[in-house]
Each structure stands twice: as C-alpha cells, then as structure tokens.
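Colleague: First, the structure itself, so that you have it in front of you.
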Amino acid sequence: MVEFYGREIKSILIRSVNWIGDAILTTPAISVLRNNFHKAKISILAKPYVSEVFKENPDIDEIIPYEGLGSKKGFVLINELRKRRFDLAVLFQNAFEAALISFLSGIPVRLGYATDGRAFLLRPSIKIRPETKKKHHLDYYLDLLSEAGFNTERGPLVLNLKEGERMWAIDLLKKNGWNEDDRLVGINPGATYGKAKRWYPERFASLADRIIKEDVKVILFGGLKETAIVEEIKKKMVSRPIFVTGNTSVRELASLIERCSVFVSNDTGPMHMAAALNVPVVALFGSTDMNITGPIGEKHRVIWKKVECSPCFLRECPKDFRCMNLITVDEVVDAVTERLVV
C-alpha cells in the first residue's frame, strides 16, 4: 500500500502514547505501518522518557521529542512539523491535543479514534466499537489500523538493545556479586498509577528472602518515586539483594531486566518491557484487568484474584484490598520456581 485516503504516503508522523508500557504495546501496530508503507519515512512524536523504548526500533526512522504545547517550544514544534510536510498522522494517543497538533501542522490525513471531542479534527475519524474497549491494549491499537482498512497481523513486541547497553548491565551486576551463570530474579514492587496496583512490601521481602535461599540472586527495581518502597522491602529482608533504585535510565533498566531469568512485577511499564525482552514474567494484578493490560506471551503467569469488586481501576482501595490480600507469598514463590525450571 502506497496510498491511503486518496493520497500518496511518503512520510508518516506517529503520536505516541505517554506511558512506557502502552508505548511498547503500540510497537506491533507500528510494524504494521512499516509493512504497509515500506518506503515511507516514519517519525514518532513522543515524550522524552517514553521515546527511549523506540530507540533501535527498525520500523522507526526518526524520534521527535515532545514536551507539550503550552510553551514557546510548542509553537516551534508546530512550525517544524509544518515544514516537514507529513502526509499522514497516526494518533495512538487518544487526547484532543494529539489531533490538534496534527491539524495545526497541516497534515492532510489524520487517523485516530473519535475520542475526547476531537472527531471534527480527524480525517478519517474512527469510532470505537464496544468490543474494542474490552480488548487488550495491543489489539486496541491494531484495531485503529484495521478499521481504517490496513492489513494487520499481530506481530511481536519490539524493544531492542545495543551491545554496549548489554555490557553495561553485565558490568554493573558483576560489581554486585552476580556471575553470568547465576540465576537472577527481578522484583519490581512499584506502580505509578496508585497503591491499588501494588502488592505488599512485606510480602515482596518474604518472597525475595525465600528465592535467595534457593541459590538465586535477586535484584530490586524502582524509580525515584518508588525509593521508599524499595527501602522498606530491604529493611524487612534478612538477605541482601542487588538494588537499582532511582538512578537508571529507561534503557539501562531494560538492559538489566534482560539479564533476569524471571521478572516479578505489579501491573506496570517494566512488566511490558520484560515481556518485550522475552523474559518470563510473574505478574501480580489487583485493581486492573489482566485481559486488557496483561503481559503478552505464553511463558508468563498472571496471578489475579477475581473478587467481586475487581477490576475496579481505582488508585486507592476503599475496602479491604482483598484482591491483593488473597495473593500469597507461597503461590508467587511457586510461580517463580516453575519459570526458573523452564
């Protein structure tokens, strides 16, 4: 396909979503665009921290940093995009602002879902079917393209690393007592959306101690906002884990996750990073829905107690947090052990 909506497509601008996990889930749809437009230049407009997951992606020719419209940089960006004369904008982000940017940039074909009151800015505007809302986010993005008439096929997630990034991770781990023949379990106890997505620190601590007893190394992950959680887990542990909290970039985090034999996580972006890196995941779900945001792949295990109020999608549990309460340390240990053997 070299034409779409009556125009020859030579250059495409993709407006990325703003969450790392969701950004990774758009990569199969980006591959679809590449497969349909082999010779087109594909650029992606993304927040700086999200853009890290798109580096080394063979389907993307250019990453354009986006810091918002509410500044002089916003006007500079619009002018720059107008000069590029893009033929097609694909808006994976559902916000009104994404459609406004593509409209102000003079992009003639603007493909996106008719959300956030922006349908009049889109050409074509795709209505969301009720069944689409219930699909996994990966398929939600693919459906945007299939509804527009593209040939779509669910391909793999894409997250590629450079050899130098891999060597950096190996060097850091070796400095912390890890050897390349050691089994390494990553534990990611945070979740930016809210407490309702987080398993208990004391249970993560117990999990880590029990895994270490089985001659397995454990590494604790966490961003700047999760430093307190990781510190609480460390204080409750008997053994000493490897920990990298608040001082790693997205690319460094990915390179460390890739070294893991198993990755234990709440429903977060790093969970999807692990899945994209082909690392077996043990995912702990509480307030969210595994059918919509669960890890992609057959080697993963999701532990989710389908209580009557779940999924509630709340940031804080107004009741007794039973969805996470019912997840025991024993069953998480068993799930990790099973994946270490495979």
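FYI, nothing fancy with the structure tokens labels: chains A, B, ... in order, residues from 1 per chain, ligands from 1 as they appear.
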Write out as a ChimeraX atom specification each polymer residue whose atoms come within 9 Å of stretch 184-193 of chain A, counting only C-alpha atoms; drop sequence neighbours fewer than 6 positions from it.
Modeller: /A:178,199-201,204,208,211,216-223,225-226,229-230,233,256-257,259-271,314-315,336,340
Colleague: Could the residues of stretch 102-163 of chain A that have an atom at most 9 Å from stretch 281-292 of chain A be listed as CSV, each with its closest atom pair and the distance in Å to one decimal, counting only C-alpha atoms and ordered by chain and ascending residue number?
Modeller:
```
residue,atom,partner,partner_atom,distance
A:Lys133,CA,A:Ile292,CA,8.8
A:Lys134,CA,A:Ile292,CA,6.8
A:Lys135,CA,A:Ile292,CA,5.8
A:His136,CA,A:Ile292,CA,3.8
A:His137,CA,A:Ile292,CA,5.7
A:Leu138,CA,A:Ile292,CA,8.4
```
Colleague: Which one of A:Gly70, A:Leu224, A:Trp304, A:Gly155 sits closest to A:Val332 if you count only C-alpha atoms?
Modeller: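 The answer is A:Trp304, which sits nearest to A:Val332.
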Colleague: Using only C-alpha atoms, pick whichever of A:Val109, A:Cys323, A:Ala89, A:Ala274 has the shortest atom-to-atom distance to A:Lys299.
Modeller: A:Ala274
Colleague: Residues at most 9 Å from A:Leu88, counting only C-alpha atoms, excluding those fewer than 6 positions away in the same chain, as a VMD selection string?
Modeller: chain A and resid 4 7 9 to 14 102 107 to 111
Colleague: Generate the output file for the selected residues, C-alpha atoms, as a PDB file, in the first residue's frame.
Modeller:
```
ATOM      1  CA  PHE A   4      -4.201   5.968   1.845  1.00  0.00           C
ATOM      2  CA  ARG A   7      -3.094  10.442  -1.073  1.00  0.00           C
ATOM      3  CA  ILE A   9       2.024   8.446   1.593  1.00  0.00           C
ATOM      4  CA  LYS A  10       5.722   9.286   1.680  1.00  0.00           C
ATOM      5  CA  SER A  11       6.066  10.426   5.309  1.00  0.00           C
ATOM      6  CA  ILE A  12       4.186   9.444   8.461  1.00  0.00           C
ATOM      7  CA  LEU A  13       4.050  11.074  11.889  1.00  0.00           C
ATOM      8  CA  ILE A  14       3.001   8.859  14.791  1.00  0.00           C
ATOM      9  CA  SER A 102      -1.630  17.195  13.565  1.00  0.00           C
ATOM     10  CA  ILE A 107      -1.043  17.098   7.961  1.00  0.00           C
ATOM     11  CA  PRO A 108      -3.802  16.269   5.453  1.00  0.00           C
ATOM     12  CA  VAL A 109      -4.648  12.732   6.637  1.00  0.00           C
ATOM     13  CA  ARG A 110      -5.133  12.404  10.393  1.00  0.00           C
ATOM     14  CA  LEU A 111      -6.055   8.932  11.614  1.00  0.00           C
TER      15      LEU A 111
END
```
